[in-house]
file input_21.pdb (PDB, C-alpha atoms)
MODEL        1
ATOM      1  CA  MET A   1     -27.463  -8.099  11.153
ATOM      2  CA  SER A   2     -24.336  -6.294   9.961
ATOM      3  CA  GLY A   3     -25.618  -5.553   6.469
ATOM      4  CA  ILE A   4     -22.426  -7.012   4.977
ATOM      5  CA  PRO A   5     -23.171  -9.923   2.620
ATOM      6  CA  GLU A   6     -21.591 -13.284   3.387
ATOM      7  CA  THR A   7     -20.082 -13.274  -0.086
ATOM      8  CA  ARG A   8     -18.121 -10.064   0.471
ATOM      9  CA  GLY A   9     -14.568 -10.311  -0.863
ATOM     10  CA  ARG A  10     -11.223  -9.665   0.784
ATOM     11  CA  PHE A  11      -9.080  -6.545   0.536
ATOM     12  CA  ILE A  12      -5.301  -7.048   0.632
ATOM     13  CA  VAL A  13      -2.792  -4.183   0.526
ATOM     14  CA  ILE A  14       0.961  -4.286   0.066
ATOM     15  CA  GLU A  15       2.672  -1.258   1.587
ATOM     16  CA  GLY A  16       6.215  -0.027   2.012
ATOM     17  CA  ALA A  17       8.733   2.729   1.407
ATOM     18  CA  GLU A  18      10.735   3.304  -1.758
ATOM     19  CA  GLY A  19      13.021   0.499  -2.893
ATOM     20  CA  VAL A  20      11.500  -2.334  -0.853
ATOM     21  CA  GLY A  21      10.347  -4.293  -3.914
ATOM     22  CA  LYS A  22       6.669  -3.637  -3.356
ATOM     23  CA  THR A  23       5.573  -3.642  -7.000
ATOM     24  CA  THR A  24       7.394  -6.934  -7.637
ATOM     25  CA  GLN A  25       5.617  -8.546  -4.698
ATOM     26  CA  VAL A  26       2.245  -7.212  -5.820
ATOM     27  CA  ARG A  27       2.738  -8.975  -9.164
ATOM     28  CA  ARG A  28       3.846 -12.206  -7.498
ATOM     29  CA  LEU A  29       0.971 -12.245  -5.021
ATOM     30  CA  ALA A  30      -1.502 -11.508  -7.821
ATOM     31  CA  ALA A  31      -0.213 -14.501  -9.776
ATOM     32  CA  PHE A  32      -0.524 -16.701  -6.680
ATOM     33  CA  LEU A  33      -4.098 -15.598  -5.939
ATOM     34  CA  GLU A  34      -5.188 -16.065  -9.527
ATOM     35  CA  GLY A  35      -3.503 -19.481  -9.557
ATOM     36  CA  ALA A  36      -5.558 -20.385  -6.490
ATOM     37  CA  GLY A  37      -8.695 -19.668  -8.504
ATOM     38  CA  LEU A  38      -9.728 -16.542  -6.620
ATOM     39  CA  PRO A  39     -11.564 -13.783  -8.511
ATOM     40  CA  LEU A  40      -9.107 -10.886  -8.353
ATOM     41  CA  VAL A  41      -9.263  -7.160  -9.035
ATOM     42  CA  MET A  42      -6.084  -5.065  -9.023
ATOM     43  CA  ALA A  43      -5.774  -1.507  -7.738
ATOM     44  CA  ARG A  44      -2.965   0.963  -7.139
ATOM     45  CA  GLU A  45      -2.479   4.306  -5.433
ATOM     46  CA  PRO A  46      -2.605   6.878  -6.599
ATOM     47  CA  GLY A  47      -4.362   5.564  -9.682
ATOM     48  CA  GLY A  48      -6.770   2.862 -10.743
ATOM     49  CA  THR A  49      -9.388   5.209 -12.218
ATOM     50  CA  ALA A  50      -9.339   7.990 -14.804
ATOM     51  CA  VAL A  51      -9.241  10.597 -12.023
ATOM     52  CA  GLY A  52      -6.649   8.673 -10.042
ATOM     53  CA  GLU A  53      -4.296   8.141 -12.970
ATOM     54  CA  GLY A  54      -4.420  11.838 -13.793
ATOM     55  CA  ILE A  55      -3.527  12.666 -10.198
ATOM     56  CA  ARG A  56      -0.753  10.069 -10.259
ATOM     57  CA  GLN A  57       0.856  11.646 -13.296
ATOM     58  CA  LEU A  58       0.604  15.105 -11.769
ATOM     59  CA  LEU A  59       2.031  14.077  -8.394
ATOM     60  CA  LEU A  60       4.833  11.806  -9.546
ATOM     61  CA  HIS A  61       5.967  13.417 -12.784
ATOM     62  CA  GLY A  62       3.912  16.422 -13.805
ATOM     63  CA  SER A  63       4.837  19.222 -11.424
ATOM     64  CA  GLU A  64       7.936  21.237 -12.302
ATOM     65  CA  GLY A  65       7.987  23.083  -9.004
ATOM     66  CA  PRO A  66       7.466  22.117  -5.364
ATOM     67  CA  VAL A  67       4.105  20.791  -4.227
ATOM     68  CA  ALA A  68       2.797  21.955  -0.851
ATOM     69  CA  ARG A  69       2.366  19.094   1.599
ATOM     70  CA  GLU A  70      -1.318  19.962   2.047
ATOM     71  CA  THR A  71      -1.855  19.881  -1.718
ATOM     72  CA  GLU A  72      -0.073  16.556  -1.963
ATOM     73  CA  LEU A  73      -2.209  14.981   0.751
ATOM     74  CA  LEU A  74      -5.517  16.241  -0.623
ATOM     75  CA  LEU A  75      -4.700  15.107  -4.151
ATOM     76  CA  ILE A  76      -3.857  11.616  -2.894
ATOM     77  CA  LEU A  77      -7.073  11.477  -0.879
ATOM     78  CA  ALA A  78      -9.071  12.574  -3.931
ATOM     79  CA  ALA A  79      -7.549   9.716  -5.920
ATOM     80  CA  ARG A  80      -8.308   7.317  -3.051
ATOM     81  CA  ALA A  81     -11.935   8.408  -2.831
ATOM     82  CA  SER A  82     -12.259   7.661  -6.533
ATOM     83  CA  VAL A  83     -10.679   4.198  -6.479
ATOM     84  CA  VAL A  84     -12.625   3.135  -3.363
ATOM     85  CA  ARG A  85     -15.979   3.993  -4.890
ATOM     86  CA  GLU A  86     -15.305   2.999  -8.484
ATOM     87  CA  VAL A  87     -13.127  -0.087  -8.043
ATOM     88  CA  VAL A  88     -12.606  -1.446  -4.538
ATOM     89  CA  GLU A  89     -16.062  -1.360  -2.974
ATOM     90  CA  PRO A  90     -17.903  -2.686  -6.059
ATOM     91  CA  ALA A  91     -15.422  -5.570  -6.334
ATOM     92  CA  LEU A  92     -15.693  -6.472  -2.633
ATOM     93  CA  ALA A  93     -19.487  -6.314  -2.785
ATOM     94  CA  ALA A  94     -19.375  -8.748  -5.727
ATOM     95  CA  GLY A  95     -17.353 -11.223  -3.655
ATOM     96  CA  LYS A  96     -14.030 -10.590  -5.380
ATOM     97  CA  TRP A  97     -10.603 -10.231  -3.824
ATOM     98  CA  VAL A  98      -8.891  -6.868  -4.271
ATOM     99  CA  LEU A  99      -5.104  -6.532  -4.205
ATOM    100  CA  SER A 100      -3.819  -2.962  -3.996
ATOM    101  CA  ASP A 101      -0.370  -1.484  -4.433
ATOM    102  CA  ARG A 102      -0.651   0.988  -1.501
ATOM    103  CA  PHE A 103      -3.679   2.311   0.395
ATOM    104  CA  ASP A 104      -4.224   4.481   3.459
ATOM    105  CA  LEU A 105      -1.104   3.495   5.414
ATOM    106  CA  SER A 106       0.905   5.244   2.699
ATOM    107  CA  SER A 107      -0.726   8.549   3.607
ATOM    108  CA  PHE A 108      -0.040   8.003   7.302
ATOM    109  CA  ALA A 109       3.614   7.155   6.614
ATOM    110  CA  TYR A 110       4.436   9.597   3.824
ATOM    111  CA  GLN A 111       2.311  12.617   4.663
ATOM    112  CA  GLY A 112       1.650  12.017   8.361
ATOM    113  CA  TYR A 113       5.215  11.124   9.325
ATOM    114  CA  GLY A 114       7.364  12.052   6.321
ATOM    115  CA  ARG A 115       5.820  15.454   5.645
ATOM    116  CA  GLY A 116       5.076  16.118   9.305
ATOM    117  CA  ILE A 117       1.336  16.720   8.897
ATOM    118  CA  GLY A 118       0.529  14.344  11.746
ATOM    119  CA  VAL A 119      -1.323  11.058  11.735
ATOM    120  CA  ASP A 120      -4.424  12.350  13.538
ATOM    121  CA  LEU A 121      -5.284  14.906  10.870
ATOM    122  CA  VAL A 122      -4.495  12.494   8.052
ATOM    123  CA  ALA A 123      -6.726   9.883   9.705
ATOM    124  CA  ARG A 124      -9.678  12.262   9.957
ATOM    125  CA  LEU A 125      -9.440  13.266   6.304
ATOM    126  CA  ASN A 126      -8.849   9.676   5.217
ATOM    127  CA  GLU A 127     -11.969   8.512   7.053
ATOM    128  CA  TYR A 128     -14.051  10.816   4.869
ATOM    129  CA  ALA A 129     -12.231   9.862   1.655
ATOM    130  CA  THR A 130     -12.631   6.109   2.210
ATOM    131  CA  GLY A 131     -15.957   6.024   3.999
ATOM    132  CA  GLY A 132     -14.171   4.099   6.748
ATOM    133  CA  LEU A 133     -12.930   1.277   4.521
ATOM    134  CA  ALA A 134      -9.874  -0.600   5.800
ATOM    135  CA  ALA A 135      -7.969  -3.564   4.418
ATOM    136  CA  ASP A 136      -8.434  -7.104   5.667
ATOM    137  CA  LEU A 137      -4.644  -7.415   5.658
ATOM    138  CA  TYR A 138      -1.849  -4.861   5.273
ATOM    139  CA  LEU A 139       1.494  -6.419   4.316
ATOM    140  CA  VAL A 140       4.102  -3.793   5.227
ATOM    141  CA  LEU A 141       7.431  -4.509   3.533
ATOM    142  CA  ASP A 142      10.401  -3.240   5.507
ATOM    143  CA  LEU A 143      13.993  -2.636   4.448
ATOM    144  CA  ALA A 144      16.864  -0.472   5.662
ATOM    145  CA  VAL A 145      16.830   2.937   3.988
ATOM    146  CA  GLU A 146      20.350   2.530   2.636
ATOM    147  CA  GLU A 147      19.519  -0.795   1.003
ATOM    148  CA  GLY A 148      16.366   0.647  -0.531
ATOM    149  CA  MET A 149      18.336   3.504  -2.031
ATOM    150  CA  ALA A 150      20.975   1.081  -3.332
ATOM    151  CA  ARG A 151      18.313  -1.031  -5.016
ATOM    152  CA  GLN A 152      16.890   2.042  -6.718
ATOM    153  CA  ALA A 153      20.330   3.121  -7.883
ATOM    154  CA  ARG A 154      20.847  -0.271  -9.519
ATOM    155  CA  GLU A 155      17.658   0.197 -11.528
ATOM    156  CA  ALA A 156      19.269   3.156 -13.341
ATOM    157  CA  ARG A 157      16.027   4.981 -14.207
ATOM    158  CA  SER A 158      14.745   8.475 -13.613
ATOM    159  CA  PRO A 159      13.169   8.710 -10.137
ATOM    160  CA  ASP A 160       9.714  10.128  -9.478
ATOM    161  CA  ARG A 161       9.112  12.840  -6.860
ATOM    162  CA  PHE A 162       9.018  10.436  -3.912
ATOM    163  CA  GLU A 163      11.909   8.302  -5.116
ATOM    164  CA  ALA A 164      14.025  11.459  -5.370
ATOM    165  CA  GLU A 165      13.524  12.379  -1.688
ATOM    166  CA  ASP A 166      16.562  12.401   0.593
ATOM    167  CA  SER A 167      17.467   9.933   3.328
ATOM    168  CA  THR A 168      15.985  12.125   6.091
ATOM    169  CA  PHE A 169      12.528  11.921   4.540
ATOM    170  CA  ARG A 170      12.949   8.215   3.837
ATOM    171  CA  ARG A 171      13.897   7.487   7.442
ATOM    172  CA  ALA A 172      10.833   9.343   8.691
ATOM    173  CA  VAL A 173       8.636   7.322   6.327
ATOM    174  CA  ARG A 174      10.210   4.050   7.449
ATOM    175  CA  GLU A 175       9.746   4.917  11.120
ATOM    176  CA  GLY A 176       6.146   5.716  10.318
ATOM    177  CA  TYR A 177       5.610   2.338   8.749
ATOM    178  CA  LEU A 178       7.255   0.562  11.666
ATOM    179  CA  GLU A 179       4.952   2.315  14.106
ATOM    180  CA  LEU A 180       1.902   1.602  11.937
ATOM    181  CA  ALA A 181       2.787  -2.088  11.727
ATOM    182  CA  ARG A 182       2.840  -2.156  15.535
ATOM    183  CA  SER A 183      -0.352  -0.194  16.086
ATOM    184  CA  VAL A 184      -2.751  -0.810  13.191
ATOM    185  CA  ASP A 185      -5.116  -3.736  13.393
ATOM    186  CA  ARG A 186      -4.507  -6.270  10.596
ATOM    187  CA  ALA A 187      -1.105  -4.801   9.663
ATOM    188  CA  VAL A 188       1.928  -7.107   9.671
ATOM    189  CA  LEU A 189       5.576  -6.299   9.104
ATOM    190  CA  VAL A 190       7.348  -8.387   6.468
ATOM    191  CA  SER A 191      11.112  -8.235   6.024
ATOM    192  CA  ALA A 192      12.035  -7.253   2.452
ATOM    193  CA  ASP A 193      15.615  -8.488   2.907
ATOM    194  CA  GLY A 194      16.775 -11.263   0.642
ATOM    195  CA  SER A 195      15.704 -12.404  -2.800
ATOM    196  CA  PRO A 196      12.244 -11.714  -4.271
ATOM    197  CA  GLY A 197      11.455 -15.398  -3.837
ATOM    198  CA  GLU A 198      12.310 -15.309  -0.133
ATOM    199  CA  VAL A 199      10.116 -12.259   0.412
ATOM    200  CA  GLU A 200       7.302 -13.902  -1.535
ATOM    201  CA  GLU A 201       7.429 -16.920   0.787
ATOM    202  CA  ARG A 202       7.126 -14.650   3.828
ATOM    203  CA  ILE A 203       4.093 -12.964   2.296
ATOM    204  CA  ARG A 204       2.460 -16.299   1.521
ATOM    205  CA  SER A 205       2.993 -17.418   5.106
ATOM    206  CA  GLU A 206       1.135 -14.344   6.325
ATOM    207  CA  MET A 207      -1.688 -15.010   3.861
ATOM    208  CA  PHE A 208      -2.005 -18.630   5.041
ATOM    209  CA  ALA A 209      -2.065 -17.521   8.680
ATOM    210  CA  ARG A 210      -4.657 -14.806   8.107
ATOM    211  CA  PHE A 211      -6.993 -16.701   5.766
ATOM    212  CA  PRO A 212      -6.887 -20.416   6.750
ATOM    213  CA  GLU A 213     -10.482 -20.820   5.595
ATOM    214  CA  THR A 214      -9.323 -20.027   2.052
ATOM    215  CA  PHE A 215      -5.873 -21.576   1.895
ATOM    216  CA  GLY A 216      -5.982 -24.253   4.578
ATOM    217  CA  GLU A 217      -3.512 -24.641   7.403
ATOM    218  CA  GLY A 218      -0.505 -25.242   5.174
ATOM    219  CA  GLY A 219      -1.562 -23.256   2.136
ATOM    220  CA  VAL A 220      -2.973 -24.384  -1.177
TER     221      VAL A 220
ENDMDL
END
call {"tool": "encode", "arguments": {"input": "input_21.pdb", "output": "structure tokens"}}
result
Amino acid sequence: MSGIPETRGRFIVIEGAEGVGKTTQVRRLAAFLEGAGLPLVMAREPGGTAVGEGIRQLLLHGSEGPVARETELLLILAARASVVREVVEPALAAGKWVLSDRFDLSSFAYQGYGRGIGVDLVARLNEYATGGLAADLYLVLDLAVEEGMARQAREARSPDRFEAEDSTFRRAVREGYLELARSVDRAVLVSADGSPGEVEERIRSEMFARFPETFGEGGV
């Protein structure tokens, strides 16, 4: 026996670089899942717990000076360890679905590729932080760097530390995500081109294909 109860829930993660519309799609997918009658718990990274939200504020807005790449990675992993144990695993064990705005692929893309730490080291540290937990489905939103930056500019708000990074960093992150979508089990690339509604339909198609036992062949 595997030790995993038959009632264990599903873990869905939406990933992507800055400006791809990730947060919008998280909200839309949450509304769809709740409308389908599924018990849903929301998570985000970094964040989702008292420890994680404190780290989020520090990383995105609270540091006046530069943050060493090693410090950045370890802070994110600390927040992840907290949300896995306090939010994600208890919800999955109770048979609930968990939808997260980012998870471990973000560390591989941003710190492994973008910061140049390397995916192998990030993976080893992440394994300890998560206890080996992986998502049932990673939806990786992809968009050209220039379009992502243009979308952010149209929002006319103060950027956080990652949103303020230059195009060189952003291209490295995007290339990381593209490679991860090719190589990581249960990760799929979803074009973020077009309207929010068009992207939402692509995401739903992936959900129907991955979970036919829940949604049926053509969806709910």
call {"tool": "resolve_selection", "arguments": {"input": "input_21.pdb", "expression": "the PyMOL selection byres ((chain A and resi 37) around 12)", "output": "list of chain:residue names"}}
result
A:Ala30, A:Ala31, A:Phe32, A:Leu33, A:Glu34, A:Gly35, A:Ala36, A:Leu38, A:Pro39, A:Leu40, A:Lys96, A:Trp97, A:Thr214, A:Phe215, A:Val220
call {"tool": "closest_residue", "arguments": {"input": "input_21.pdb", "among": "A:Ser100, A:Glu179, A:Ala17, A:Glu89", "to": "Val145 in chain A", "atoms": "all atoms listed in the file"}}
result
A:Ala17
call {"tool": "resolve_selection", "arguments": {"input": "input_21.pdb", "expression": "the PyMOL selection byres ((chain A and resi 164) around 12)", "output": "JSON, numbers by chain"}}
result
{"A": [18, 19, 60, 61, 149, 152, 153, 157, 158, 159, 160, 161, 162, 163, 165, 166, 167, 168, 169, 170]}
call {"tool": "closest_residue", "arguments": {"input": "input_21.pdb", "among": "A:Phe208, A:Phe108, A:Phe103, A:Phe11", "to": "Leu180 in chain A", "atoms": "only C-alpha atoms"}}
result
A:Phe108
call {"tool": "closest_residue", "arguments": {"input": "input_21.pdb", "among": "A:Leu99, A:Leu105, A:Leu73, A:Leu141", "to": "Ile117 in chain A", "atoms": "only C-alpha atoms"}}
result
A:Leu73
call {"tool": "atom_distance", "arguments": {"input": "input_21.pdb", "atom1": "CA of Val119 in chain A", "atom2": "CA of Gly62 in chain A"}}
result
26.6 Å
call {"tool": "residues_around", "arguments": {"input": "input_21.pdb", "residues": "Tyr110 in chain A", "least_positions_apart": "2", "cutoff": "9 Å", "atoms": "all atoms listed in the file", "output": "number ranges by chain"}}
result
A: 17, 105-108, 112-116, 169-170, 172-174, 176-177
call {"tool": "write_last_selection", "arguments": {"input": "input_21.pdb", "atoms": "C-alpha atoms", "output": "JSON list (two decimals), in the coordinates of the input"}}
result
[["chain", "number", "residue", "atom", "x", "y", "z"],
["A", 17, "ALA", "CA", 8.73, 2.73, 1.41],
["A", 105, "LEU", "CA", -1.10, 3.50, 5.41],
["A", 106, "SER", "CA", 0.90, 5.24, 2.70],
["A", 107, "SER", "CA", -0.73, 8.55, 3.61],
["A", 108, "PHE", "CA", -0.04, 8.00, 7.30],
["A", 112, "GLY", "CA", 1.65, 12.02, 8.36],
["A", 113, "TYR", "CA", 5.22, 11.12, 9.32],
["A", 114, "GLY", "CA", 7.36, 12.05, 6.32],
["A", 115, "ARG", "CA", 5.82, 15.45, 5.64],
["A", 116, "GLY", "CA", 5.08, 16.12, 9.30],
["A", 169, "PHE", "CA", 12.53, 11.92, 4.54],
["A", 170, "ARG", "CA", 12.95, 8.22, 3.84],
["A", 172, "ALA", "CA", 10.83, 9.34, 8.69],
["A", 173, "VAL", "CA", 8.64, 7.32, 6.33],
["A", 174, "ARG", "CA", 10.21, 4.05, 7.45],
["A", 176, "GLY", "CA", 6.15, 5.72, 10.32],
["A", 177, "TYR", "CA", 5.61, 2.34, 8.75]]
call {"tool": "atom_distance", "arguments": {"input": "input_21.pdb", "atom1": "CA of Arg27 in chain A", "atom2": "CA of Asp101 in chain A"}}
result
9.4 Å
call {"tool": "axis_aligned_box", "arguments": {"input": "input_21.pdb", "around": "range 85-91 of chain A", "padding_each_side": "4 Å", "output": "JSON"}}
result
{"center_x": -15.3, "center_y": -0.8, "center_z": -5.7, "size_x": 13.3, "size_y": 17.6, "size_z": 13.5}
call {"tool": "closest_residue", "arguments": {"input": "input_21.pdb", "among": "A:Leu58, A:Arg151, A:Ala187, A:Glu72", "to": "Ala135 in chain A", "atoms": "only C-alpha atoms"}}
result
A:Ala187
call {"tool": "atom_distance", "arguments": {"input": "input_21.pdb", "atom1": "CA of Val199 in chain A", "atom2": "CA of Phe211 in chain A"}}
result
18.5 Å
call {"tool": "closest_residue", "arguments": {"input": "input_21.pdb", "among": "A:Gly148, A:Gly216, A:Gly132, A:Gly48", "to": "Val87 in chain A", "atoms": "all atoms listed in the file"}}
result
A:Gly48
call {"tool": "closest_residue", "arguments": {"input": "input_21.pdb", "among": "A:Val122, A:Leu75, A:Val98, A:Ile203", "to": "Arg44 in chain A", "atoms": "only C-alpha atoms"}}
result
A:Val98
call {"tool": "resolve_selection", "arguments": {"input": "input_21.pdb", "expression": "the PyMOL selection byres ((chain A and resi 143) around 6)", "output": "MDAnalysis selection string"}}
result
chainID A and resid 20 142 144 192
call {"tool": "closest_atom_pairs", "arguments": {"input": "input_21.pdb", "of": "range 103-177 of chain A", "to": "range 90-95 of chain A", "cutoff": "12 Å", "atoms": "only C-alpha atoms", "output": "CSV"}}
result
residue,atom,partner,partner_atom,distance
A:Leu133,CA,A:Leu92,CA,10.9
A:Ala134,CA,A:Leu92,CA,11.8
A:Ala135,CA,A:Leu92,CA,10.9
A:Asp136,CA,A:Leu92,CA,11.0
call {"tool": "residues_around", "arguments": {"input": "input_21.pdb", "residues": "Ser82 in chain A", "least_positions_apart": "6", "cutoff": "8 Å", "atoms": "all atoms listed in the file", "output": "list of chain:residue names"}}
result
A:Thr49, A:Val51, A:Gly52
call {"tool": "decode", "arguments": {"input": "input_21.pdb", "residues": "range 125-179 of chain A", "atoms": "C-alpha atoms", "output": "PDB file, in the first residue's frame"}}
result
ATOM      1  CA  LEU A 125      17.360  22.410  -1.120  1.00  0.00           C
ATOM      2  CA  ASN A 126      13.771  22.416  -2.360  1.00  0.00           C
ATOM      3  CA  GLU A 127      13.448  18.681  -1.717  1.00  0.00           C
ATOM      4  CA  TYR A 128      14.166  19.305   1.958  1.00  0.00           C
ATOM      5  CA  ALA A 129      11.869  22.344   2.171  1.00  0.00           C
ATOM      6  CA  THR A 130       8.889  20.554   0.600  1.00  0.00           C
ATOM      7  CA  GLY A 131       9.454  17.036   1.855  1.00  0.00           C
ATOM      8  CA  GLY A 132       9.325  15.961  -1.790  1.00  0.00           C
ATOM      9  CA  LEU A 133       5.873  17.388  -2.507  1.00  0.00           C
ATOM     10  CA  ALA A 134       5.145  18.161  -6.163  1.00  0.00           C
ATOM     11  CA  ALA A 135       2.050  19.477  -7.899  1.00  0.00           C
ATOM     12  CA  ASP A 136      -0.403  17.266  -9.743  1.00  0.00           C
ATOM     13  CA  LEU A 137      -0.375  19.859 -12.525  1.00  0.00           C
ATOM     14  CA  TYR A 138       1.849  22.867 -13.222  1.00  0.00           C
ATOM     15  CA  LEU A 139       0.291  25.363 -15.643  1.00  0.00           C
ATOM     16  CA  VAL A 140       3.215  27.438 -16.937  1.00  0.00           C
ATOM     17  CA  LEU A 141       2.009  30.652 -18.574  1.00  0.00           C
ATOM     18  CA  ASP A 142       4.330  31.889 -21.297  1.00  0.00           C
ATOM     19  CA  LEU A 143       4.600  35.291 -22.953  1.00  0.00           C
ATOM     20  CA  ALA A 144       7.300  37.217 -24.797  1.00  0.00           C
ATOM     21  CA  VAL A 145       9.387  39.305 -22.407  1.00  0.00           C
ATOM     22  CA  GLU A 146       8.634  42.531 -24.253  1.00  0.00           C
ATOM     23  CA  GLU A 147       4.885  41.959 -24.068  1.00  0.00           C
ATOM     24  CA  GLY A 148       5.103  41.146 -20.371  1.00  0.00           C
ATOM     25  CA  MET A 149       6.961  44.373 -19.714  1.00  0.00           C
ATOM     26  CA  ALA A 150       4.430  46.324 -21.792  1.00  0.00           C
ATOM     27  CA  ARG A 151       1.554  44.860 -19.799  1.00  0.00           C
ATOM     28  CA  GLN A 152       3.227  45.880 -16.555  1.00  0.00           C
ATOM     29  CA  ALA A 153       3.841  49.388 -17.849  1.00  0.00           C
ATOM     30  CA  ARG A 154       0.140  49.752 -18.636  1.00  0.00           C
ATOM     31  CA  GLU A 155      -0.722  48.916 -15.032  1.00  0.00           C
ATOM     32  CA  ALA A 156       1.037  52.119 -13.899  1.00  0.00           C
ATOM     33  CA  ARG A 157       1.914  50.935 -10.375  1.00  0.00           C
ATOM     34  CA  SER A 158       5.118  50.723  -8.400  1.00  0.00           C
ATOM     35  CA  PRO A 159       6.946  47.469  -9.231  1.00  0.00           C
ATOM     36  CA  ASP A 160       8.224  45.040  -6.613  1.00  0.00           C
ATOM     37  CA  ARG A 161      11.829  43.783  -6.618  1.00  0.00           C
ATOM     38  CA  PHE A 162      11.239  41.103  -9.254  1.00  0.00           C
ATOM     39  CA  GLU A 163       9.026  43.259 -11.448  1.00  0.00           C
ATOM     40  CA  ALA A 164      11.780  45.889 -11.499  1.00  0.00           C
ATOM     41  CA  GLU A 165      14.387  43.476 -12.926  1.00  0.00           C
ATOM     42  CA  ASP A 166      15.796  44.183 -16.382  1.00  0.00           C
ATOM     43  CA  SER A 167      15.122  42.326 -19.621  1.00  0.00           C
ATOM     44  CA  THR A 168      18.282  40.193 -19.304  1.00  0.00           C
ATOM     45  CA  PHE A 169      17.053  38.669 -16.055  1.00  0.00           C
ATOM     46  CA  ARG A 170      13.544  38.275 -17.447  1.00  0.00           C
ATOM     47  CA  ARG A 171      14.809  36.431 -20.516  1.00  0.00           C
ATOM     48  CA  ALA A 172      16.792  34.038 -18.340  1.00  0.00           C
ATOM     49  CA  VAL A 173      13.688  33.364 -16.239  1.00  0.00           C
ATOM     50  CA  ARG A 174      11.564  32.759 -19.331  1.00  0.00           C
ATOM     51  CA  GLU A 175      14.123  30.363 -20.799  1.00  0.00           C
ATOM     52  CA  GLY A 176      14.121  28.570 -17.479  1.00  0.00           C
ATOM     53  CA  TYR A 177      10.383  28.150 -17.559  1.00  0.00           C
ATOM     54  CA  LEU A 178      10.455  26.914 -21.142  1.00  0.00           C
ATOM     55  CA  GLU A 179      13.010  24.271 -20.239  1.00  0.00           C
TER      56      GLU A 179
END
